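run39.tsv (TSV, C-alpha atoms and all ligand atoms) appears below.
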```tsv
chain	number	residue	atom	x	y	z
O	1	MET	CA	0.00	0.00	0.00
O	2	GLN	CA	1.20	3.49	-0.81
O	3	ILE	CA	0.95	5.84	2.17
O	4	ALA	CA	0.53	9.60	2.19
O	5	PRO	CA	1.09	10.91	5.74
O	6	SER	CA	-1.12	13.92	6.45
O	7	VAL	CA	0.78	16.92	7.81
O	8	LEU	CA	-2.40	18.02	9.64
O	9	ALA	CA	-1.53	15.55	12.43
O	10	ALA	CA	2.12	16.62	12.66
O	11	ASP	CA	3.57	18.88	15.36
O	12	PHE	CA	3.25	22.33	13.76
O	13	THR	CA	6.00	23.77	15.99
O	14	ARG	CA	8.60	21.59	14.25
O	15	LEU	CA	7.27	20.72	10.81
O	16	GLY	CA	10.72	20.31	9.26
O	17	GLU	CA	11.68	17.49	11.64
O	18	GLU	CA	8.25	15.89	11.32
O	19	ILE	CA	8.57	15.68	7.56
O	20	ARG	CA	12.00	14.12	7.79
O	21	ARG	CA	10.49	11.37	9.97
O	22	VAL	CA	8.30	10.27	7.05
O	23	SER	CA	10.87	10.47	4.25
O	24	ALA	CA	10.16	6.80	3.39
O	25	ALA	CA	6.52	7.63	2.54
O	26	ASP	CA	5.07	7.59	-0.97
O	27	TYR	CA	3.50	11.08	-0.92
O	28	LEU	CA	3.12	13.91	1.57
O	29	HIS	CA	-0.57	14.83	2.02
O	30	LEU	CA	-1.27	18.53	2.59
O	31	ASP	CA	-4.79	19.50	3.72
O	32	ILE	CA	-5.92	22.98	2.71
O	33	MET	CA	-9.10	24.24	4.42
O	34	ASP	CA	-10.84	27.56	3.91
O	35	GLY	CA	-13.34	27.76	6.80
O	36	HIS	CA	-16.21	27.77	4.26
O	37	PHE	CA	-16.19	24.45	2.46
O	38	VAL	CA	-15.28	22.82	5.79
O	39	PRO	CA	-15.64	24.24	9.30
O	40	ASN	CA	-11.91	24.49	9.89
O	41	ILE	CA	-8.93	26.52	8.66
O	42	SER	CA	-5.52	24.90	8.18
O	43	TYR	CA	-2.67	26.53	6.25
O	44	GLY	CA	-2.05	27.90	2.78
O	45	PRO	CA	0.42	27.94	-0.10
O	46	GLY	CA	3.06	29.75	1.98
O	47	VAL	CA	3.45	26.76	4.29
O	48	VAL	CA	3.46	24.33	1.32
O	49	ALA	CA	6.22	26.37	-0.36
O	50	ALA	CA	8.25	26.46	2.88
O	51	LEU	CA	8.13	22.66	3.14
O	52	ARG	CA	9.00	22.04	-0.52
O	53	PRO	CA	12.82	22.23	-0.17
O	54	LEU	CA	12.79	19.88	2.84
O	55	THR	CA	11.78	16.68	1.05
O	56	ASP	CA	11.75	14.94	-2.32
O	57	LEU	CA	8.34	13.34	-1.63
O	58	PRO	CA	5.63	14.19	-4.16
O	59	PHE	CA	3.20	16.71	-2.66
O	60	ASP	CA	-0.43	15.52	-2.66
O	61	VAL	CA	-2.39	18.73	-2.02
O	62	HIS	CA	-6.03	18.22	-0.94
O	63	LEU	CA	-8.04	21.40	-1.48
O	64	MET	CA	-11.09	21.65	0.78
O	65	LEU	CA	-12.03	24.98	-0.76
O	66	GLU	CA	-15.37	26.35	-1.96
O	67	HIS	CA	-13.49	28.09	-4.80
O	68	PRO	CA	-10.35	26.12	-5.67
O	69	LEU	CA	-9.84	27.44	-9.22
O	70	GLN	CA	-8.34	30.80	-8.31
O	71	TYR	CA	-5.73	29.15	-6.05
O	72	ILE	CA	-4.44	26.51	-8.48
O	73	PRO	CA	-1.50	28.65	-9.74
O	74	ASP	CA	-0.45	29.40	-6.14
O	75	PHE	CA	-0.32	25.73	-5.18
O	76	ILE	CA	1.49	24.76	-8.40
O	77	LYS	CA	4.06	27.45	-7.67
O	78	ALA	CA	4.32	26.19	-4.07
O	79	GLY	CA	5.38	22.77	-5.40
O	80	ALA	CA	2.23	20.64	-5.65
O	81	ASP	CA	2.70	17.50	-7.77
O	82	LEU	CA	-0.88	16.30	-7.43
O	83	ILE	CA	-3.87	18.53	-6.63
O	84	THR	CA	-7.22	17.12	-5.58
O	85	PHE	CA	-10.38	19.21	-5.15
O	86	HIS	CA	-13.98	18.41	-4.27
O	87	VAL	CA	-16.67	17.54	-6.79
O	88	GLU	CA	-19.03	19.38	-4.36
O	89	CYS	CA	-17.18	22.72	-4.73
O	90	SER	CA	-18.71	25.78	-6.43
O	91	ASP	CA	-16.24	26.13	-9.31
O	92	PRO	CA	-16.49	24.59	-12.81
O	93	ILE	CA	-14.97	21.12	-12.57
O	94	ALA	CA	-13.62	20.75	-16.14
O	95	GLU	CA	-11.98	24.17	-16.01
O	96	THR	CA	-10.35	23.44	-12.67
O	97	ILE	CA	-8.95	20.09	-13.90
O	98	GLU	CA	-7.65	21.91	-16.97
O	99	ALA	CA	-5.94	24.60	-14.85
O	100	ILE	CA	-4.17	21.91	-12.80
O	101	HIS	CA	-2.97	20.13	-15.95
O	102	GLN	CA	-1.86	23.38	-17.55
O	103	GLY	CA	0.27	24.02	-14.48
O	104	GLY	CA	1.96	20.65	-15.00
O	105	ALA	CA	0.44	18.84	-12.01
O	106	LYS	CA	-1.76	15.76	-11.78
O	107	ALA	CA	-5.45	16.28	-11.05
O	108	GLY	CA	-7.84	14.37	-8.80
O	109	LEU	CA	-11.45	14.77	-7.71
O	110	VAL	CA	-12.66	14.09	-4.17
O	111	VAL	CA	-16.05	12.82	-2.96
O	112	LYS	CA	-17.38	13.52	0.53
O	113	PRO	CA	-19.11	10.64	2.39
O	114	GLY	CA	-22.60	11.80	1.33
O	115	THR	CA	-21.72	12.03	-2.38
O	116	PRO	CA	-22.19	8.95	-4.57
O	117	ALA	CA	-19.37	7.66	-6.77
O	118	GLU	CA	-21.55	8.39	-9.83
O	119	ALA	CA	-20.86	12.11	-9.30
O	120	LEU	CA	-17.35	11.40	-10.63
O	121	TRP	CA	-18.39	9.63	-13.83
O	122	PRO	CA	-18.48	12.69	-16.15
O	123	TRP	CA	-14.80	13.50	-15.46
O	124	LEU	CA	-13.13	10.10	-15.14
O	125	GLU	CA	-11.26	10.38	-18.42
O	126	GLN	CA	-9.66	13.70	-17.50
O	127	LEU	CA	-8.57	12.56	-14.03
O	128	ASP	CA	-5.24	11.15	-12.83
O	129	MET	CA	-6.75	9.86	-9.58
O	130	VAL	CA	-9.79	10.00	-7.34
O	131	LEU	CA	-9.98	10.47	-3.60
O	132	VAL	CA	-12.77	8.91	-1.55
O	133	MET	CA	-13.27	10.53	1.86
O	134	THR	CA	-13.67	7.97	4.64
O	135	VAL	CA	-14.54	10.71	7.20
O	136	GLU	CA	-16.36	14.04	6.88
O	137	PRO	CA	-13.61	16.42	5.73
O	138	GLY	CA	-12.43	19.10	8.14
O	139	PHE	CA	-10.64	17.37	10.98
O	140	GLY	CA	-8.08	14.67	11.66
O	141	GLY	CA	-8.55	11.92	14.22
O	142	GLN	CA	-12.06	10.81	13.23
O	143	SER	CA	-13.35	7.23	12.86
O	144	PHE	CA	-13.08	5.39	9.55
O	145	MET	CA	-16.38	4.98	7.65
O	146	GLU	CA	-16.06	1.47	6.22
O	147	PRO	CA	-19.19	1.66	3.96
O	148	MET	CA	-17.27	4.21	1.81
O	149	LEU	CA	-15.18	1.33	0.48
O	150	GLN	CA	-18.15	0.33	-1.69
O	151	LYS	CA	-17.46	3.49	-3.67
O	152	VAL	CA	-13.88	2.37	-4.18
O	153	GLN	CA	-15.12	-0.88	-5.67
O	154	GLN	CA	-17.57	0.95	-7.94
O	155	ILE	CA	-14.79	3.24	-9.19
O	156	LYS	CA	-12.46	0.30	-9.76
O	157	GLU	CA	-15.13	-1.48	-11.81
O	158	LYS	CA	-15.71	1.59	-13.93
O	159	ALA	CA	-12.07	2.68	-14.32
O	160	PRO	CA	-9.74	-0.17	-13.32
O	161	ASN	CA	-6.56	1.77	-14.07
O	162	LEU	CA	-7.43	4.97	-12.23
O	163	PRO	CA	-5.59	5.20	-8.89
O	164	VAL	CA	-7.93	5.52	-5.90
O	165	GLU	CA	-6.91	7.16	-2.64
O	166	VAL	CA	-8.85	7.13	0.64
O	167	ASP	CA	-8.58	9.76	3.37
O	168	GLY	CA	-9.62	9.71	7.01
O	169	GLY	CA	-9.32	7.27	9.88
O	170	VAL	CA	-6.80	4.96	8.23
O	171	ASN	CA	-4.70	3.06	10.75
O	172	ARG	CA	-3.44	-0.45	11.52
O	173	SER	CA	-6.93	-1.76	12.14
O	174	THR	CA	-8.69	-0.21	9.13
O	175	ILE	CA	-6.06	-0.50	6.38
O	176	GLU	CA	-6.64	-4.18	5.65
O	177	ALA	CA	-10.19	-3.47	4.45
O	178	CYS	CA	-8.79	-0.69	2.22
O	179	ALA	CA	-6.30	-3.09	0.66
O	180	GLN	CA	-9.04	-5.65	0.03
O	181	ALA	CA	-11.26	-3.03	-1.63
O	182	GLY	CA	-8.47	-2.20	-4.11
O	183	VAL	CA	-7.34	1.16	-2.68
O	184	ASP	CA	-3.98	2.28	-4.11
O	185	ILE	CA	-3.04	5.10	-1.71
O	186	CYS	CA	-4.06	5.66	1.90
O	187	VAL	CA	-3.78	9.01	3.65
O	188	ALA	CA	-2.83	8.58	7.31
O	189	GLY	CA	-2.49	11.50	9.72
O	190	THR	CA	-3.06	10.33	13.28
O	191	GLY	CA	-2.03	6.78	12.34
O	192	VAL	CA	1.50	7.95	11.47
O	193	PHE	CA	2.33	11.23	13.21
O	194	ARG	CA	0.65	10.42	16.53
O	195	ALA	CA	2.15	6.94	16.73
O	196	GLU	CA	4.89	6.37	19.28
O	197	ASP	CA	7.31	5.63	16.44
O	198	ALA	CA	6.15	7.34	13.24
O	199	GLU	CA	8.73	5.63	11.00
O	200	LYS	CA	7.70	2.20	12.25
O	201	ALA	CA	3.97	2.99	11.91
O	202	LEU	CA	4.58	4.13	8.34
O	203	ARG	CA	6.48	0.96	7.40
O	204	GLU	CA	3.78	-1.16	8.95
O	205	LEU	CA	1.01	0.55	6.96
O	206	GLN	CA	3.05	0.25	3.75
O	207	SER	CA	3.31	-3.52	4.27
O	208	PHE	CA	-0.41	-4.08	3.58
O	301	LIG	C1	-9.61	15.51	6.89
O	301	LIG	C2	-8.34	15.48	6.11
O	301	LIG	C3	-7.47	14.31	6.35
O	301	LIG	C4	-6.97	14.17	7.77
O	301	LIG	C5	-6.79	12.71	8.01
O	301	LIG	O1	-10.39	16.55	6.41
O	301	LIG	O2	-8.62	15.52	4.71
O	301	LIG	O3	-6.39	14.28	5.43
O	301	LIG	O4	-5.75	14.81	8.00
O	301	LIG	O5	-6.43	12.53	9.33
O	301	LIG	P1	-6.57	11.14	10.09
O	301	LIG	O6	-5.66	10.16	9.39
O	301	LIG	O7	-6.13	11.48	11.46
O	301	LIG	O8	-8.01	10.72	9.99
O	302	ZN	ZN	-6.96	15.17	3.26
```
Could I get this structure in the form of structure tokens?
Amino acid sequence: MQIAPSVLAADFTRLGEEIRRVSAADYLHLDIMDGHFVPNISYGPGVVAALRPLTDLPFDVHLMLEHPLQYIPDFIKAGADLITFHVECSDPIAETIEAIHQGGAKAGLVVKPGTPAEALWPWLEQLDMVLVMTVEPGFGGQSFMEPMLQKVQQIKEKAPNLPVEVDGGVNRSTIEACAQAGVDICVAGTGVFRAEDAEKALRELQSF
């Protein structure tokens, strides 16, 4: 399993050291929240740009923004390799995917728990990956919603070669079900950064 540790669960007073602890990961997951699309505010492109020279890991930037389109150039400039945004946002989806591709990054669409997988169907051919939320977006440390894995199976049936990522509540006890459902990448915040030994927790999750 490919693992994308979520910086949201890291110690913000020493982000540089935290990121070095997960240098064996497959991606670094960066959660961007605007206080509108989700009831929380995290950090912006300035923090992403500051972290960019500290690691070679590909940056997986998850935009929980009502209006992602206007910020795409900022996150590309900050070093995003992959940008995901929500199908429930208020911007035109095709145009936003296009802006990400024009900037040279990969594009993914995200579905919240209440949104069916079918909402993704019109854009599958333009996408480089999809992200299925396994918690309500906004906060780390929530419980994994196992029924969301049915969406993963639906997506895999429809587009077998499209990588699928899940985000929220992934840890040692929930990752096995993700692997069985065909998930390619798991985001893990609490499960990595709040573990006693983050490097060991990461290796363990990658072994599934
Ligand atoms: C939630 C974020 C997640 C979060 C996951 O809105 O999108 O990426 O950091 O955290 P854990 O792994 O603690 O559920
Ligand atoms: Zn996320």
* Option closest in space to O:His67, from O:Ser90, O:Asn171, O:Thr190, O:Gln142 [counting all atoms listed in the file] -> O:Ser90
* Shortest interatomic distance to ligand LIG 301 (chain O) - which of O:Ile32, O:Met1, O:Leu202, O:Ile72, counting all atoms listed in the file ->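 Under the stated criterion, the closest residue is O:Ile32.
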* Excluding O:Ala107 and any residue of its chain fewer than 6 positions from it, enumerate the residues within 12 Å of it, using only C-alpha atoms, and give them as a ChimeraX atom specification. => /O:60-63,72,76,80-86,93-101,123-131,162-163
Give me the residues of chain O that have any atom at most 10 Å from an atom of ligand ZN 302 (chain O); for each, the nearest atom pair and the distance in Å, rounded to one decimal. Use only C-alpha atoms and all ligand atoms, sort by chain and number, and format it as JSON lines.
```
{"residue": "O:Ala4", "atom": "CA", "partner": "O:ZN302", "partner_atom": "ZN", "distance": 9.4}
{"residue": "O:Pro5", "atom": "CA", "partner": "O:ZN302", "partner_atom": "ZN", "distance": 9.4}
{"residue": "O:Ser6", "atom": "CA", "partner": "O:ZN302", "partner_atom": "ZN", "distance": 6.8}
{"residue": "O:Val7", "atom": "CA", "partner": "O:ZN302", "partner_atom": "ZN", "distance": 9.1}
{"residue": "O:Leu8", "atom": "CA", "partner": "O:ZN302", "partner_atom": "ZN", "distance": 8.3}
{"residue": "O:His29", "atom": "CA", "partner": "O:ZN302", "partner_atom": "ZN", "distance": 6.5}
{"residue": "O:Leu30", "atom": "CA", "partner": "O:ZN302", "partner_atom": "ZN", "distance": 6.6}
{"residue": "O:Asp31", "atom": "CA", "partner": "O:ZN302", "partner_atom": "ZN", "distance": 4.9}
{"residue": "O:Ile32", "atom": "CA", "partner": "O:ZN302", "partner_atom": "ZN", "distance": 7.9}
{"residue": "O:Met33", "atom": "CA", "partner": "O:ZN302", "partner_atom": "ZN", "distance": 9.4}
{"residue": "O:Asp60", "atom": "CA", "partner": "O:ZN302", "partner_atom": "ZN", "distance": 8.8}
{"residue": "O:Val61", "atom": "CA", "partner": "O:ZN302", "partner_atom": "ZN", "distance": 7.8}
{"residue": "O:His62", "atom": "CA", "partner": "O:ZN302", "partner_atom": "ZN", "distance": 5.3}
{"residue": "O:Leu63", "atom": "CA", "partner": "O:ZN302", "partner_atom": "ZN", "distance": 7.9}
{"residue": "O:Met64", "atom": "CA", "partner": "O:ZN302", "partner_atom": "ZN", "distance": 8.1}
{"residue": "O:Thr84", "atom": "CA", "partner": "O:ZN302", "partner_atom": "ZN", "distance": 9.1}
{"residue": "O:Phe85", "atom": "CA", "partner": "O:ZN302", "partner_atom": "ZN", "distance": 9.9}
{"residue": "O:Val110", "atom": "CA", "partner": "O:ZN302", "partner_atom": "ZN", "distance": 9.4}
{"residue": "O:Leu131", "atom": "CA", "partner": "O:ZN302", "partner_atom": "ZN", "distance": 8.8}
{"residue": "O:Val132", "atom": "CA", "partner": "O:ZN302", "partner_atom": "ZN", "distance": 9.8}
{"residue": "O:Met133", "atom": "CA", "partner": "O:ZN302", "partner_atom": "ZN", "distance": 8.0}
{"residue": "O:Thr134", "atom": "CA", "partner": "O:ZN302", "partner_atom": "ZN", "distance": 9.9}
{"residue": "O:Val135", "atom": "CA", "partner": "O:ZN302", "partner_atom": "ZN", "distance": 9.6}
{"residue": "O:Pro137", "atom": "CA", "partner": "O:ZN302", "partner_atom": "ZN", "distance": 7.2}
{"residue": "O:Gly138", "atom": "CA", "partner": "O:ZN302", "partner_atom": "ZN", "distance": 8.3}
{"residue": "O:Phe139", "atom": "CA", "partner": "O:ZN302", "partner_atom": "ZN", "distance": 8.8}
{"residue": "O:Gly140", "atom": "CA", "partner": "O:ZN302", "partner_atom": "ZN", "distance": 8.5}
{"residue": "O:Glu165", "atom": "CA", "partner": "O:ZN302", "partner_atom": "ZN", "distance": 9.9}
{"residue": "O:Val166", "atom": "CA", "partner": "O:ZN302", "partner_atom": "ZN", "distance": 8.7}
{"residue": "O:Asp167", "atom": "CA", "partner": "O:ZN302", "partner_atom": "ZN", "distance": 5.6}
{"residue": "O:Gly168", "atom": "CA", "partner": "O:ZN302", "partner_atom": "ZN", "distance": 7.1}
{"residue": "O:Val187", "atom": "CA", "partner": "O:ZN302", "partner_atom": "ZN", "distance": 6.9}
{"residue": "O:Ala188", "atom": "CA", "partner": "O:ZN302", "partner_atom": "ZN", "distance": 8.8}
{"residue": "O:Gly189", "atom": "CA", "partner": "O:ZN302", "partner_atom": "ZN", "distance": 8.7}
```
* Taking into account only C-alpha atoms and all ligand atoms, which residue in the set O:Lys106, O:Arg203, O:Lys112, O:Arg14 is nearest to ligand LIG 301 (chain O)? ->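 Counting only C-alpha atoms and all ligand atoms, the residue closest to ligand LIG 301 (chain O) is O:Lys112.
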* Given the choices O:Leu65, O:Ala119, O:Val170, O:Ala181, which gets closest to ligand LIG 301 (chain O) if the distance is worked out from only C-alpha atoms and all ligand atoms? ->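 The shortest atom-to-atom distance to ligand LIG 301 (chain O) comes from O:Val170.
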* Structure fact -> Judged by all atoms listed in the file, the minimum distance to ligand LIG 301 (chain O) among O:Asp11, O:Glu66, O:Glu136, O:Glu199 is found for O:Glu136
* For ligand LIG 301 (chain O), which residue among O:Leu54, O:Val38, O:Leu109, O:Ala179 is the nearest when counting only C-alpha atoms and all ligand atoms? ->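 Once distances to ligand LIG 301 (chain O) are computed over only C-alpha atoms and all ligand atoms, the minimum belongs to O:Val38.
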* Asked: To one decimal place, how far is atom CA of O:Gly191 from atom CA of O:Thr115 in Å?
  ->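 For atom CA of O:Gly191 relative to atom CA of O:Thr115, the distance reads 25.1 Å.
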Save stretch 69-191 of chain O to disk from that block, C-alpha atoms included, as a short mmCIF file (atom, residue, chain, number, x, y, z; two decimals), in the first residue's frame.
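Final file, part_24.cif:
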```
data_model
loop_
_atom_site.label_atom_id
_atom_site.label_comp_id
_atom_site.auth_asym_id
_atom_site.auth_seq_id
_atom_site.Cartn_x
_atom_site.Cartn_y
_atom_site.Cartn_z
CA LEU O 69 -9.84 27.44 -9.22
CA GLN O 70 -8.34 30.80 -8.31
CA TYR O 71 -5.73 29.15 -6.05
CA ILE O 72 -4.44 26.51 -8.48
CA PRO O 73 -1.50 28.65 -9.74
CA ASP O 74 -0.45 29.40 -6.14
CA PHE O 75 -0.32 25.73 -5.18
CA ILE O 76 1.49 24.76 -8.40
CA LYS O 77 4.06 27.45 -7.67
CA ALA O 78 4.32 26.19 -4.07
CA GLY O 79 5.38 22.77 -5.40
CA ALA O 80 2.23 20.64 -5.65
CA ASP O 81 2.70 17.50 -7.77
CA LEU O 82 -0.88 16.30 -7.43
CA ILE O 83 -3.87 18.53 -6.63
CA THR O 84 -7.22 17.12 -5.58
CA PHE O 85 -10.38 19.21 -5.15
CA HIS O 86 -13.98 18.41 -4.27
CA VAL O 87 -16.67 17.54 -6.79
CA GLU O 88 -19.03 19.38 -4.36
CA CYS O 89 -17.18 22.72 -4.73
CA SER O 90 -18.71 25.78 -6.43
CA ASP O 91 -16.24 26.13 -9.31
CA PRO O 92 -16.49 24.59 -12.81
CA ILE O 93 -14.97 21.12 -12.57
CA ALA O 94 -13.62 20.75 -16.14
CA GLU O 95 -11.98 24.17 -16.01
CA THR O 96 -10.35 23.44 -12.67
CA ILE O 97 -8.95 20.09 -13.90
CA GLU O 98 -7.65 21.91 -16.97
CA ALA O 99 -5.94 24.60 -14.85
CA ILE O 100 -4.17 21.91 -12.80
CA HIS O 101 -2.97 20.13 -15.95
CA GLN O 102 -1.86 23.38 -17.55
CA GLY O 103 0.27 24.02 -14.48
CA GLY O 104 1.96 20.65 -15.00
CA ALA O 105 0.44 18.84 -12.01
CA LYS O 106 -1.76 15.76 -11.78
CA ALA O 107 -5.45 16.28 -11.05
CA GLY O 108 -7.84 14.37 -8.80
CA LEU O 109 -11.45 14.77 -7.71
CA VAL O 110 -12.66 14.09 -4.17
CA VAL O 111 -16.05 12.82 -2.96
CA LYS O 112 -17.38 13.52 0.53
CA PRO O 113 -19.11 10.64 2.39
CA GLY O 114 -22.60 11.80 1.33
CA THR O 115 -21.72 12.03 -2.38
CA PRO O 116 -22.19 8.95 -4.57
CA ALA O 117 -19.37 7.66 -6.77
CA GLU O 118 -21.55 8.39 -9.83
CA ALA O 119 -20.86 12.11 -9.30
CA LEU O 120 -17.35 11.40 -10.63
CA TRP O 121 -18.39 9.63 -13.83
CA PRO O 122 -18.48 12.69 -16.15
CA TRP O 123 -14.80 13.50 -15.46
CA LEU O 124 -13.13 10.10 -15.14
CA GLU O 125 -11.26 10.38 -18.42
CA GLN O 126 -9.66 13.70 -17.50
CA LEU O 127 -8.57 12.56 -14.03
CA ASP O 128 -5.24 11.15 -12.83
CA MET O 129 -6.75 9.86 -9.58
CA VAL O 130 -9.79 10.00 -7.34
CA LEU O 131 -9.98 10.47 -3.60
CA VAL O 132 -12.77 8.91 -1.55
CA MET O 133 -13.27 10.53 1.86
CA THR O 134 -13.67 7.97 4.64
CA VAL O 135 -14.54 10.71 7.20
CA GLU O 136 -16.36 14.04 6.88
CA PRO O 137 -13.61 16.42 5.73
CA GLY O 138 -12.43 19.10 8.14
CA PHE O 139 -10.64 17.37 10.98
CA GLY O 140 -8.08 14.67 11.66
CA GLY O 141 -8.55 11.92 14.22
CA GLN O 142 -12.06 10.81 13.23
CA SER O 143 -13.35 7.23 12.86
CA PHE O 144 -13.08 5.39 9.55
CA MET O 145 -16.38 4.98 7.65
CA GLU O 146 -16.06 1.47 6.22
CA PRO O 147 -19.19 1.66 3.96
CA MET O 148 -17.27 4.21 1.81
CA LEU O 149 -15.18 1.33 0.48
CA GLN O 150 -18.15 0.33 -1.69
CA LYS O 151 -17.46 3.49 -3.67
CA VAL O 152 -13.88 2.37 -4.18
CA GLN O 153 -15.12 -0.88 -5.67
CA GLN O 154 -17.57 0.95 -7.94
CA ILE O 155 -14.79 3.24 -9.19
CA LYS O 156 -12.46 0.30 -9.76
CA GLU O 157 -15.13 -1.48 -11.81
CA LYS O 158 -15.71 1.59 -13.93
CA ALA O 159 -12.07 2.68 -14.32
CA PRO O 160 -9.74 -0.17 -13.32
CA ASN O 161 -6.56 1.77 -14.07
CA LEU O 162 -7.43 4.97 -12.23
CA PRO O 163 -5.59 5.20 -8.89
CA VAL O 164 -7.93 5.52 -5.90
CA GLU O 165 -6.91 7.16 -2.64
CA VAL O 166 -8.85 7.13 0.64
CA ASP O 167 -8.58 9.76 3.37
CA GLY O 168 -9.62 9.71 7.01
CA GLY O 169 -9.32 7.27 9.88
CA VAL O 170 -6.80 4.96 8.23
CA ASN O 171 -4.70 3.06 10.75
CA ARG O 172 -3.44 -0.45 11.52
CA SER O 173 -6.93 -1.76 12.14
CA THR O 174 -8.69 -0.21 9.13
CA ILE O 175 -6.06 -0.50 6.38
CA GLU O 176 -6.64 -4.18 5.65
CA ALA O 177 -10.19 -3.47 4.45
CA CYS O 178 -8.79 -0.69 2.22
CA ALA O 179 -6.30 -3.09 0.66
CA GLN O 180 -9.04 -5.65 0.03
CA ALA O 181 -11.26 -3.03 -1.63
CA GLY O 182 -8.47 -2.20 -4.11
CA VAL O 183 -7.34 1.16 -2.68
CA ASP O 184 -3.98 2.28 -4.11
CA ILE O 185 -3.04 5.10 -1.71
CA CYS O 186 -4.06 5.66 1.90
CA VAL O 187 -3.78 9.01 3.65
CA ALA O 188 -2.83 8.58 7.31
CA GLY O 189 -2.49 11.50 9.72
CA THR O 190 -3.06 10.33 13.28
CA GLY O 191 -2.03 6.78 12.34
#
```
